[in-house]
Structure formats: C-alpha cells, structure tokens
$ cat input-v9.txt   # compact mmCIF, C-alpha atoms and all ligand atoms
# COMPACT_ATOMS: atom_id res chain seq x y z
CA MET A 1 -23.06 23.61 -145.15
CA ILE A 2 -20.78 26.64 -144.77
CA ILE A 3 -18.94 28.73 -147.34
CA GLY A 4 -15.47 30.07 -146.54
CA ILE A 5 -14.18 33.18 -148.33
CA ASP A 6 -10.61 34.44 -148.42
CA LEU A 7 -10.66 38.12 -149.36
CA GLY A 8 -7.41 39.55 -150.69
CA GLY A 9 -6.18 42.62 -152.53
CA ILE A 10 -6.11 40.91 -155.94
CA SER A 11 -8.79 38.25 -155.66
CA ALA A 12 -11.40 36.70 -153.41
CA LYS A 13 -11.43 32.90 -153.18
CA ALA A 14 -14.30 30.75 -151.98
CA ALA A 15 -15.18 27.12 -151.24
CA CYS A 16 -17.83 25.07 -149.48
CA LEU A 17 -16.60 23.12 -146.47
CA GLY A 18 -17.93 19.58 -146.76
CA GLY A 19 -16.51 17.39 -144.00
CA GLU A 20 -12.75 17.69 -144.40
CA ASN A 21 -12.93 18.80 -148.04
CA LEU A 22 -13.22 22.09 -149.87
CA LEU A 23 -15.81 21.84 -152.61
CA GLY A 24 -16.60 24.08 -155.59
CA LYS A 25 -13.48 26.24 -155.25
CA SER A 26 -13.89 29.47 -157.13
CA SER A 27 -12.53 33.01 -157.21
CA CYS A 28 -13.19 36.51 -158.51
CA PRO A 29 -10.97 39.57 -158.92
CA THR A 30 -11.01 42.34 -156.31
CA SER A 31 -9.87 45.93 -156.65
CA SER A 32 -9.38 48.96 -154.46
CA ALA A 33 -11.34 50.84 -157.15
CA HIS A 34 -14.51 48.99 -156.07
CA THR A 35 -16.63 50.41 -153.25
CA PRO A 36 -17.18 48.17 -150.22
CA GLU A 37 -20.78 47.63 -151.44
CA GLU A 38 -19.53 46.48 -154.84
CA THR A 39 -16.99 44.17 -153.20
CA ALA A 40 -19.73 42.70 -150.97
CA ARG A 41 -21.92 42.18 -154.03
CA HIS A 42 -19.06 40.37 -155.81
CA ILE A 43 -18.49 38.19 -152.74
CA ALA A 44 -22.20 37.36 -152.71
CA SER A 45 -22.21 36.22 -156.35
CA LEU A 46 -18.98 34.31 -155.75
CA ALA A 47 -20.65 32.48 -152.84
CA GLU A 48 -23.61 31.55 -155.02
CA ARG A 49 -21.34 30.34 -157.82
CA THR A 50 -19.34 28.27 -155.34
CA ALA A 51 -22.47 26.55 -154.04
CA THR A 52 -23.50 25.74 -157.63
CA LEU A 53 -20.03 24.35 -158.43
CA ALA A 54 -20.14 22.27 -155.24
CA GLY A 55 -23.52 20.90 -156.30
CA VAL A 56 -25.27 22.38 -153.28
CA SER A 57 -28.46 24.40 -153.44
CA PHE A 58 -27.76 27.89 -152.05
CA SER A 59 -30.75 27.44 -149.74
CA HIS A 60 -28.75 24.70 -147.98
CA ILE A 61 -25.93 27.09 -147.11
CA ASP A 62 -26.15 27.86 -143.39
CA GLY A 63 -23.66 30.67 -143.23
CA ILE A 64 -20.59 32.39 -144.65
CA GLY A 65 -17.21 33.07 -143.08
CA VAL A 66 -14.99 35.78 -144.55
CA GLY A 67 -11.28 36.14 -143.79
CA ALA A 68 -10.14 39.67 -144.63
CA PRO A 69 -6.89 41.62 -144.31
CA GLY A 70 -6.37 44.48 -141.88
CA VAL A 71 -7.81 45.19 -138.46
CA ILE A 72 -11.09 43.32 -138.04
CA ASP A 73 -13.84 43.71 -135.46
CA GLY A 74 -15.22 40.18 -135.36
CA GLU A 75 -18.05 41.08 -133.00
CA ARG A 76 -19.50 43.74 -135.31
CA GLY A 77 -18.32 41.97 -138.46
CA ALA A 78 -16.54 45.14 -139.56
CA VAL A 79 -13.25 45.94 -141.25
CA VAL A 80 -11.90 48.58 -138.86
CA SER A 81 -9.11 49.46 -141.27
CA TRP A 82 -7.62 47.97 -144.44
CA THR A 83 -4.90 50.34 -145.56
CA ASN A 84 -4.37 48.94 -149.09
CA PHE A 85 -8.03 49.43 -149.98
CA GLY A 86 -8.43 52.63 -147.93
CA TRP A 87 -11.30 51.02 -145.99
CA ARG A 88 -12.32 52.37 -142.59
CA ASP A 89 -15.17 50.95 -140.52
CA VAL A 90 -16.73 48.92 -143.31
CA PRO A 91 -19.57 46.68 -142.01
CA LEU A 92 -18.62 43.94 -144.48
CA ALA A 93 -20.42 41.05 -142.74
CA ALA A 94 -23.71 42.97 -142.75
CA LEU A 95 -23.25 43.92 -146.43
CA VAL A 96 -22.51 40.33 -147.51
CA SER A 97 -25.41 39.14 -145.38
CA ARG A 98 -27.72 41.70 -147.03
CA PHE A 99 -26.82 40.44 -150.53
CA THR A 100 -26.89 36.71 -149.68
CA GLY A 101 -29.50 36.49 -146.92
CA LYS A 102 -27.02 34.32 -144.96
CA PRO A 103 -25.50 34.90 -141.51
CA THR A 104 -21.98 36.14 -142.24
CA PHE A 105 -18.97 36.29 -139.93
CA LEU A 106 -15.73 38.17 -140.41
CA LEU A 107 -12.26 37.47 -139.10
CA ASN A 108 -8.69 38.50 -139.85
CA ASP A 109 -7.12 36.50 -142.70
CA ALA A 110 -4.05 35.44 -140.68
CA ASN A 111 -6.36 34.17 -137.95
CA ALA A 112 -8.43 32.31 -140.54
CA ALA A 113 -5.30 30.60 -141.87
CA ALA A 114 -4.26 29.66 -138.32
CA LEU A 115 -7.66 28.16 -137.53
CA GLY A 116 -7.63 26.26 -140.83
CA GLU A 117 -4.14 24.83 -140.26
CA ALA A 118 -4.94 24.00 -136.64
CA LYS A 119 -8.12 22.08 -137.45
CA TYR A 120 -7.42 20.60 -140.88
CA GLY A 121 -3.70 20.94 -141.58
CA ALA A 122 -0.32 20.62 -139.93
CA GLY A 123 -1.74 21.46 -136.48
CA LYS A 124 -4.44 18.78 -136.51
CA ARG A 125 -2.84 16.54 -133.90
CA TYR A 126 -2.05 19.33 -131.43
CA GLU A 127 -4.20 20.88 -128.76
CA SER A 128 -2.45 24.22 -129.21
CA CYS A 129 -0.54 25.82 -132.05
CA VAL A 130 0.50 29.15 -133.51
CA LEU A 131 0.75 29.78 -137.26
CA VAL A 132 3.36 32.30 -138.38
CA THR A 133 2.88 33.22 -142.05
CA LEU A 134 5.92 34.67 -143.79
CA GLY A 135 5.16 36.80 -146.83
CA THR A 136 5.36 40.51 -147.65
CA GLY A 137 4.77 40.93 -143.93
CA VAL A 138 4.43 38.46 -141.06
CA GLY A 139 0.94 37.31 -140.10
CA SER A 140 0.12 35.16 -137.10
CA GLY A 141 -2.76 33.42 -135.40
CA ILE A 142 -3.14 31.54 -132.12
CA VAL A 143 -5.33 28.46 -131.59
CA PHE A 144 -5.67 26.92 -128.13
CA GLY A 145 -8.09 24.12 -127.32
CA GLY A 146 -9.49 24.27 -130.85
CA LYS A 147 -10.46 27.92 -130.38
CA LEU A 148 -8.97 30.96 -131.98
CA PHE A 149 -7.46 33.41 -129.49
CA GLU A 150 -7.97 36.84 -131.03
CA GLY A 151 -7.45 39.11 -128.02
CA TYR A 152 -9.79 41.92 -127.00
CA ARG A 153 -11.99 42.84 -129.99
CA GLY A 154 -9.82 40.63 -132.18
CA ALA A 155 -6.95 43.10 -131.97
CA GLY A 156 -4.36 40.70 -130.57
CA GLY A 157 -2.09 37.96 -131.83
CA GLU A 158 -0.04 40.32 -134.01
CA PHE A 159 3.39 38.82 -133.54
CA GLY A 160 4.59 40.51 -136.72
CA HIS A 161 4.62 43.76 -134.76
CA MET A 162 6.52 42.46 -131.75
CA VAL A 163 9.78 44.41 -131.56
CA ILE A 164 12.88 42.23 -131.73
CA ARG A 165 15.34 45.10 -132.19
CA GLN A 166 14.75 48.36 -130.34
CA GLY A 167 15.48 51.34 -132.60
CA GLY A 168 15.71 48.96 -135.59
CA GLU A 169 14.26 49.30 -139.06
CA LEU A 170 11.12 51.40 -139.49
CA CYS A 171 7.96 49.31 -139.87
CA SER A 172 4.76 50.16 -141.76
CA CYS A 173 3.01 50.28 -138.36
CA GLY A 174 5.13 53.25 -137.29
CA ARG A 175 7.33 51.44 -134.76
CA ARG A 176 10.93 50.40 -135.24
CA GLY A 177 12.46 46.94 -135.13
CA CYS A 178 9.27 44.88 -135.61
CA PHE A 179 9.68 41.12 -136.16
CA GLU A 180 8.11 41.47 -139.63
CA ARG A 181 10.88 43.83 -140.78
CA TYR A 182 13.39 41.00 -140.24
CA ALA A 183 11.45 37.76 -140.72
CA SER A 184 9.24 38.46 -143.76
CA THR A 185 10.08 36.99 -147.14
CA SER A 186 10.57 40.61 -148.27
CA SER A 187 13.40 40.90 -145.75
CA LEU A 188 15.00 37.69 -147.04
CA VAL A 189 14.79 38.98 -150.62
CA ARG A 190 16.28 42.35 -149.55
CA ARG A 191 19.18 40.54 -147.84
CA THR A 192 19.72 38.39 -150.94
CA ARG A 193 19.85 41.46 -153.21
CA GLU A 194 22.34 43.22 -150.92
CA ALA A 195 24.55 40.13 -150.84
CA MET A 196 24.50 40.00 -154.65
CA GLU A 197 25.56 43.64 -154.89
CA ASN A 198 28.41 43.04 -152.43
CA HIS A 199 29.58 39.66 -153.75
CA ARG A 200 29.81 39.60 -157.52
CA ASP A 201 31.43 36.13 -157.38
CA SER A 202 28.60 34.53 -155.38
CA LEU A 203 26.63 31.63 -156.85
CA LEU A 204 23.52 33.71 -156.13
CA TRP A 205 24.10 35.23 -159.57
CA ARG A 206 23.65 31.80 -161.13
CA PHE A 207 20.10 31.58 -159.77
CA ALA A 208 19.07 35.20 -160.41
CA PRO A 209 20.49 37.08 -163.41
CA SER A 210 20.18 40.38 -161.53
CA PRO A 211 19.41 41.44 -157.93
CA GLU A 212 15.96 42.68 -159.03
CA GLN A 213 15.13 39.17 -160.25
CA ALA A 214 16.08 37.50 -156.96
CA ASN A 215 13.14 36.04 -155.04
CA GLY A 216 12.60 34.05 -151.85
CA GLU A 217 13.89 30.85 -153.47
CA THR A 218 17.15 32.24 -154.87
CA VAL A 219 19.13 32.05 -151.64
CA PHE A 220 17.94 28.50 -150.88
CA SER A 221 19.00 27.31 -154.36
CA ALA A 222 22.44 28.94 -154.01
CA LYS A 223 22.92 27.46 -150.55
CA ALA A 224 22.04 23.99 -151.84
CA ALA A 225 24.71 24.51 -154.53
CA GLY A 226 27.26 25.14 -151.75
CA ASP A 227 27.48 28.95 -151.86
CA GLY A 228 29.04 30.41 -148.71
CA CYS A 229 27.51 33.81 -149.27
CA ALA A 230 23.99 32.31 -149.44
CA SER A 231 24.74 30.37 -146.25
CA GLU A 232 25.63 33.60 -144.53
CA VAL A 233 22.46 35.38 -145.72
CA LEU A 234 20.29 32.50 -144.51
CA GLY A 235 22.18 32.28 -141.22
CA GLY A 236 21.40 35.92 -140.45
CA TYR A 237 17.78 35.52 -141.52
CA PHE A 238 17.28 32.36 -139.44
CA ALA A 239 18.82 34.07 -136.39
CA ASP A 240 16.23 36.88 -136.59
CA LEU A 241 13.38 34.50 -137.38
CA ALA A 242 14.40 32.33 -134.41
CA GLU A 243 14.41 35.36 -132.10
CA GLY A 244 10.71 36.01 -132.78
CA ILE A 245 9.71 32.32 -132.83
CA ALA A 246 11.37 31.81 -129.43
CA ASN A 247 9.58 34.88 -128.02
CA ILE A 248 6.25 33.42 -129.16
CA ALA A 249 7.16 30.02 -127.69
CA ASN A 250 8.29 31.50 -124.38
CA ALA A 251 5.18 33.69 -124.07
CA LEU A 252 2.53 31.12 -125.05
CA ARG A 253 4.28 27.75 -125.24
CA PRO A 254 2.00 26.13 -127.77
CA GLN A 255 2.74 22.49 -128.63
CA ALA A 256 3.59 23.50 -132.18
CA ILE A 257 4.56 26.55 -134.19
CA LEU A 258 3.72 26.23 -137.88
CA ILE A 259 5.48 28.23 -140.56
CA GLY A 260 3.27 29.23 -143.48
CA GLY A 261 3.68 31.27 -146.66
CA ALA A 262 5.32 30.36 -149.98
CA ILE A 263 8.68 29.95 -148.21
CA SER A 264 7.35 26.87 -146.37
CA ALA A 265 7.73 24.98 -149.69
CA GLN A 266 11.45 24.89 -148.78
CA GLY A 267 10.61 22.19 -146.20
CA ASP A 268 13.64 20.86 -144.34
CA ALA A 269 15.97 23.50 -145.83
CA LEU A 270 13.93 25.98 -143.78
CA ILE A 271 12.78 23.98 -140.77
CA VAL A 272 15.95 22.06 -139.82
CA PRO A 273 18.24 25.13 -139.41
CA LEU A 274 15.38 27.07 -137.83
CA ARG A 275 14.85 24.37 -135.18
CA ARG A 276 18.57 24.48 -134.46
CA ALA A 277 18.46 28.28 -134.04
CA VAL A 278 15.31 28.30 -131.87
CA GLU A 279 16.19 25.54 -129.42
CA PRO A 280 18.90 27.38 -127.39
CA LEU A 281 16.52 30.36 -126.98
CA LEU A 282 13.69 28.40 -125.35
CA TYR A 283 13.14 29.14 -121.67
CA ALA A 284 11.51 25.83 -120.72
CA PRO A 285 13.67 23.07 -122.21
CA GLN A 286 12.47 20.87 -125.04
CA SER A 287 12.82 17.83 -122.76
CA PHE A 288 10.15 19.28 -120.46
CA ALA A 289 7.70 20.91 -122.89
CA PRO A 290 8.48 19.78 -126.43
CA LEU A 291 7.86 22.42 -129.06
CA ASP A 292 7.32 21.09 -132.57
CA LEU A 293 8.32 23.42 -135.37
CA LEU A 294 6.93 22.46 -138.77
CA CYS A 295 5.78 23.73 -142.14
CA ALA A 296 2.12 24.51 -142.72
CA ALA A 297 0.38 21.95 -144.91
CA LEU A 298 -2.61 23.60 -146.57
CA GLY A 299 -1.03 26.45 -148.52
CA ASN A 300 -3.60 28.94 -149.79
CA ASP A 301 -6.48 26.68 -148.71
CA ALA A 302 -5.82 27.33 -145.02
CA GLY A 303 -7.74 30.61 -145.08
CA LEU A 304 -10.76 29.01 -146.74
CA TYR A 305 -10.89 26.19 -144.21
CA GLY A 306 -10.46 28.64 -141.33
CA ALA A 307 -13.06 31.14 -142.51
CA ALA A 308 -15.65 28.37 -142.92
CA GLN A 309 -14.73 26.82 -139.57
CA TYR A 310 -15.02 30.22 -137.86
CA ALA A 311 -18.55 30.73 -139.22
CA GLN A 312 -19.45 27.20 -138.16
CA ASP A 313 -18.16 27.83 -134.63
CA ARG A 314 -20.00 31.16 -134.35
CA LEU A 315 -23.25 29.65 -135.65
CA GLY A 316 -22.84 26.79 -133.21
CA ALA A 317 -22.41 29.27 -130.38
CA GLY A 318 -25.75 30.79 -131.37
CA SER A 319 -24.49 34.30 -132.05
CA VAL A 320 -26.01 35.13 -135.41
CA HIS A 321 -25.72 38.48 -137.18
ZN ZN B 401 5.30 46.94 -136.98

$ encode --input "input-v9.txt" --output "structure tokens" --more "lines below"
Ligand SMILES: [Zn+2]
Amino acid sequence: MIIGIDLGGISAKAACLGGENLLGKSSCPTSSAHTPEETARHIASLAERTATLAGVSFSHIDGIGVGAPGVIDGERGAVVSWTNFGWRDVPLAALVSRFTGKPTFLLNDANAAALGEAKYGAGKRYESCVLVTLGTGVGSGIVFGGKLFEGYRGAGGEFGHMVIRQGGELCSCGRRGCFERYASTSSLVRRTREAMENHRDSLLWRFAPSPEQANGETVFSAKAAGDGCASEVLGGYFADLAEGIANIANALRPQAILIGGAISAQGDALIVPLRRAVEPLLYAPQSFAPLDLLCAALGNDAGLYGAAQYAQDRLGAGSVH
C-alpha cells in the first residue's frame, strides 16, 4: 500500500491509497520556520499516523509519494526552489526516506492534482486531460495515456506562466502578462473589488459589505441576483480565462480540460459561459476533435490521490530511491 502526502505552506495532508479510496486521512501543520529536516521528520510521523488510522501496519507500506509546491526535480526527489519557504535544493525525498525507511518520490503539487483527477476523478473516462487549478495563482498538469507529462526534469507544464498579454501585468515570475495574472481567483477578486469601488449601486455590495470582504464567490452571487455589473466583471474574466484554455487546447488538444480550485464549486455558473467563450477560439473544430470542459471532482483530495499514484507508478517502473 502507498501513502500520498500533499505538502502545503500551512499544512501537510496524508492518506493511504487503498483501491479507489483514501484511508486514514490525517494532517499536520507546516511552517516556514521549520528546517527542511524538521519538515521531513513531521511528514514521517504523519505517514506513520496515517497508516495507523488506516489500520495498516507501517511495515506494509511500500512507498510514499509527496506532492510539494515550487520547482521540483522528480528524478533527484529534490525541491529545487520553494519561494514561500525559502527552500533551495532540498533533497526532500531522501530526507523523508531516511526517517521512514520507505522509498519516497516527489512531484509538483499541481502535477499531483492532475494525476489524481485524471485517474480517480473527473478525468477518469478520458485518455488525455489537462487540469488547470485556479487559486492564488494558476497551477496546471498534463496527463496523456495515463502518464504525467512533466517536461524535461519536471520543469514543464506551467501554463500559468504562458503569456496571454504581451507587456501586461507584472507576474511573480518576473514576466509580464502571464495567464495566472488574469485567470487566478485572486484576479477575479481584484476585478470584483474594483467594480465595487466604481459602482456604488451594484448588487455586489449586497454580497460583500466592503470591497475587502469580497471573495471569489461574491461576483457569482451578484450575477445570479441579476446584477449587470457582476455580469460584466465575469464576462471580462471568462474572456481572459478562455484565451489561456484555448491556447492549451490548441497546443495539446487533450480530450478534456478540467477546472480545479475552490471556484469549481460554482459548477455550471462557471463552466457553461466558459465553454461558450472557449469554443470560437479552438483551431480544430469541436465537431472534429471534441474538447470537454468540466469541473474537477476530487477537491483537495486530488493531490493525495495523485501523489500516491505517482509513487506507485515509479515503484512499478523499478526506479527506487
Ligand atoms: Zn508568470
């Protein structure tokens, strides 16, 4: 049995993958104040606790998969850089392996979520799919033929940093006009706040008492209540989101593009207008190569499924750390 870990800036989550189910789900806090060794030690105890909760003896755990933020070198099992934690070249897989005695494999968290959704979630019935996760930034992962496509040294698949507007807004990566500057939930919230400032009579004010209190849901609620201003904000956001989604579709043409992140809870209010905006931008017509656009299904569990699946695939391929 394999344990999947989803390492984040606030917590690390873990579960055992048993068939199609996640067993013994557990978590522990993480902090940038901890050294990489301390973090690895915490992950190791979390893994042991998870096995206990799942009712599995730790000796029956075959391996551990860890999805982590930042630039990841999957071959070496190292975090090349994780800006929020100030990590550079941290051999996390080896550290976790040292404290658990288990083969440990590392992959980028967006890739883990994509592999999880592709194998166990909304992408299950497709041979190829891309997951685009909308949050503070935009994460993405590509799965073709059941395999994760990570690019050379795992450095590829970063659609969030594909430029959709040359000379546009400055991105945290140093370039201007990146897709993530326009398609992230942060961008939607920024647009909502601006609209509130400029339209004191908008129904947006009914759903957020002040611009600071507006979140990703505010604009959807106001639109559902018939607010024209909210419609306009969403229209602009969907146009930018569609630009990037169509670029991904035209470059890779997966059978499905899945939208993940908290915003995917909006369901049809998100997907229906997005489909309408994407369709005219597709190079090969829908009638020839249908592209399904749908919401991700596993929520925060996607990363756990994917991390465990990744370790299972790597163990199966016989490349053990
Ligand atoms: Zn960027």

$ closest_atom_pairs --input "input-v9.txt" --of "chain A" --to "ligand ZN 401 (chain B)" --cutoff "12 Å" --atoms "only C-alpha atoms and all ligand atoms" --output "Markdown table"
| residue | atom | partner | partner_atom | distance |
| --- | --- | --- | --- | --- |
| A:Gly137 | CA | B:ZN401 | ZN | 9.2 |
| A:Val138 | CA | B:ZN401 | ZN | 9.5 |
| A:Gly139 | CA | B:ZN401 | ZN | 11.0 |
| A:Glu158 | CA | B:ZN401 | ZN | 9.0 |
| A:Phe159 | CA | B:ZN401 | ZN | 9.0 |
| A:Gly160 | CA | B:ZN401 | ZN | 6.5 |
| A:His161 | CA | B:ZN401 | ZN | 3.9 |
| A:Met162 | CA | B:ZN401 | ZN | 7.0 |
| A:Val163 | CA | B:ZN401 | ZN | 7.5 |
| A:Ile164 | CA | B:ZN401 | ZN | 10.4 |
| A:Arg165 | CA | B:ZN401 | ZN | 11.3 |
| A:Gln166 | CA | B:ZN401 | ZN | 11.6 |
| A:Gly167 | CA | B:ZN401 | ZN | 11.9 |
| A:Gly168 | CA | B:ZN401 | ZN | 10.7 |
| A:Glu169 | CA | B:ZN401 | ZN | 9.5 |
| A:Leu170 | CA | B:ZN401 | ZN | 7.8 |
| A:Cys171 | CA | B:ZN401 | ZN | 4.6 |
| A:Ser172 | CA | B:ZN401 | ZN | 5.8 |
| A:Cys173 | CA | B:ZN401 | ZN | 4.3 |
| A:Gly174 | CA | B:ZN401 | ZN | 6.3 |
| A:Arg175 | CA | B:ZN401 | ZN | 5.4 |
| A:Arg176 | CA | B:ZN401 | ZN | 6.8 |
| A:Gly177 | CA | B:ZN401 | ZN | 7.4 |
| A:Cys178 | CA | B:ZN401 | ZN | 4.7 |
| A:Phe179 | CA | B:ZN401 | ZN | 7.3 |
| A:Glu180 | CA | B:ZN401 | ZN | 6.7 |
| A:Arg181 | CA | B:ZN401 | ZN | 7.4 |
| A:Tyr182 | CA | B:ZN401 | ZN | 10.6 |
| A:Ala183 | CA | B:ZN401 | ZN | 11.7 |
| A:Ser184 | CA | B:ZN401 | ZN | 11.5 |

$ residues_near_point --input "input-v9.txt" --point "(-23.7, 37.7, -151.7)" --cutoff "8 Å" --atoms "all atoms listed in the file" --output "MDAnalysis selection string"
chainID A and resid 40:48 96:101

$ atom_distance --input "input-v9.txt" --atom1 "atom CA of Ser221 of chain A" --atom2 "atom CA of Thr192 of chain A"
11.6 Å

$ closest_atom_pairs --input "input-v9.txt" --of "segment 126-216 of chain A" --to "segment 258-274 of chain A" --cutoff "6 Å" --atoms "only C-alpha atoms" --output "Markdown table"
| residue | atom | partner | partner_atom | distance |
| --- | --- | --- | --- | --- |
| A:Leu131 | CA | A:Leu258 | CA | 4.7 |
| A:Val132 | CA | A:Ile259 | CA | 5.1 |
| A:Thr133 | CA | A:Gly260 | CA | 4.3 |
| A:Leu134 | CA | A:Gly261 | CA | 5.0 |
| A:Gly135 | CA | A:Gly261 | CA | 5.7 |

$ atom_distance --input "input-v9.txt" --atom1 "atom CA of Cys28 of chain A" --atom2 "atom CA of Thr185 of chain A"
25.9 Å

$ build_atoms --input "input-v9.txt" --residues "segment 183-195 of chain A" --atoms "N, CA and C atoms" --output "compact mmCIF listing (two decimals), in the frame of the given file"
# COMPACT_ATOMS: atom_id res chain seq x y z
N ALA A 183 11.79 39.17 -140.48
CA ALA A 183 11.45 37.76 -140.72
C ALA A 183 10.58 37.54 -141.95
N SER A 184 10.09 38.62 -142.58
CA SER A 184 9.24 38.46 -143.76
C SER A 184 10.07 37.95 -144.94
N THR A 185 9.38 37.41 -145.93
CA THR A 185 10.08 36.99 -147.14
C THR A 185 10.70 38.22 -147.81
N SER A 186 10.01 39.37 -147.70
CA SER A 186 10.57 40.61 -148.27
C SER A 186 11.94 40.90 -147.69
N SER A 187 12.10 40.65 -146.39
CA SER A 187 13.40 40.90 -145.75
C SER A 187 14.45 39.95 -146.31
N LEU A 188 14.05 38.68 -146.50
CA LEU A 188 15.00 37.69 -147.04
C LEU A 188 15.44 38.08 -148.46
N VAL A 189 14.47 38.57 -149.25
CA VAL A 189 14.79 38.98 -150.62
C VAL A 189 15.72 40.21 -150.60
N ARG A 190 15.44 41.14 -149.69
CA ARG A 190 16.28 42.35 -149.55
C ARG A 190 17.71 41.95 -149.20
N ARG A 191 17.84 41.00 -148.25
CA ARG A 191 19.18 40.54 -147.84
C ARG A 191 19.90 39.87 -149.01
N THR A 192 19.13 39.09 -149.79
CA THR A 192 19.72 38.39 -150.94
C THR A 192 20.25 39.40 -151.95
N ARG A 193 19.45 40.44 -152.22
CA ARG A 193 19.85 41.46 -153.21
C ARG A 193 21.10 42.20 -152.74
N GLU A 194 21.15 42.54 -151.46
CA GLU A 194 22.34 43.22 -150.92
C GLU A 194 23.57 42.35 -151.07
N ALA A 195 23.41 41.05 -150.75
CA ALA A 195 24.55 40.13 -150.84
C ALA A 195 25.04 40.03 -152.28
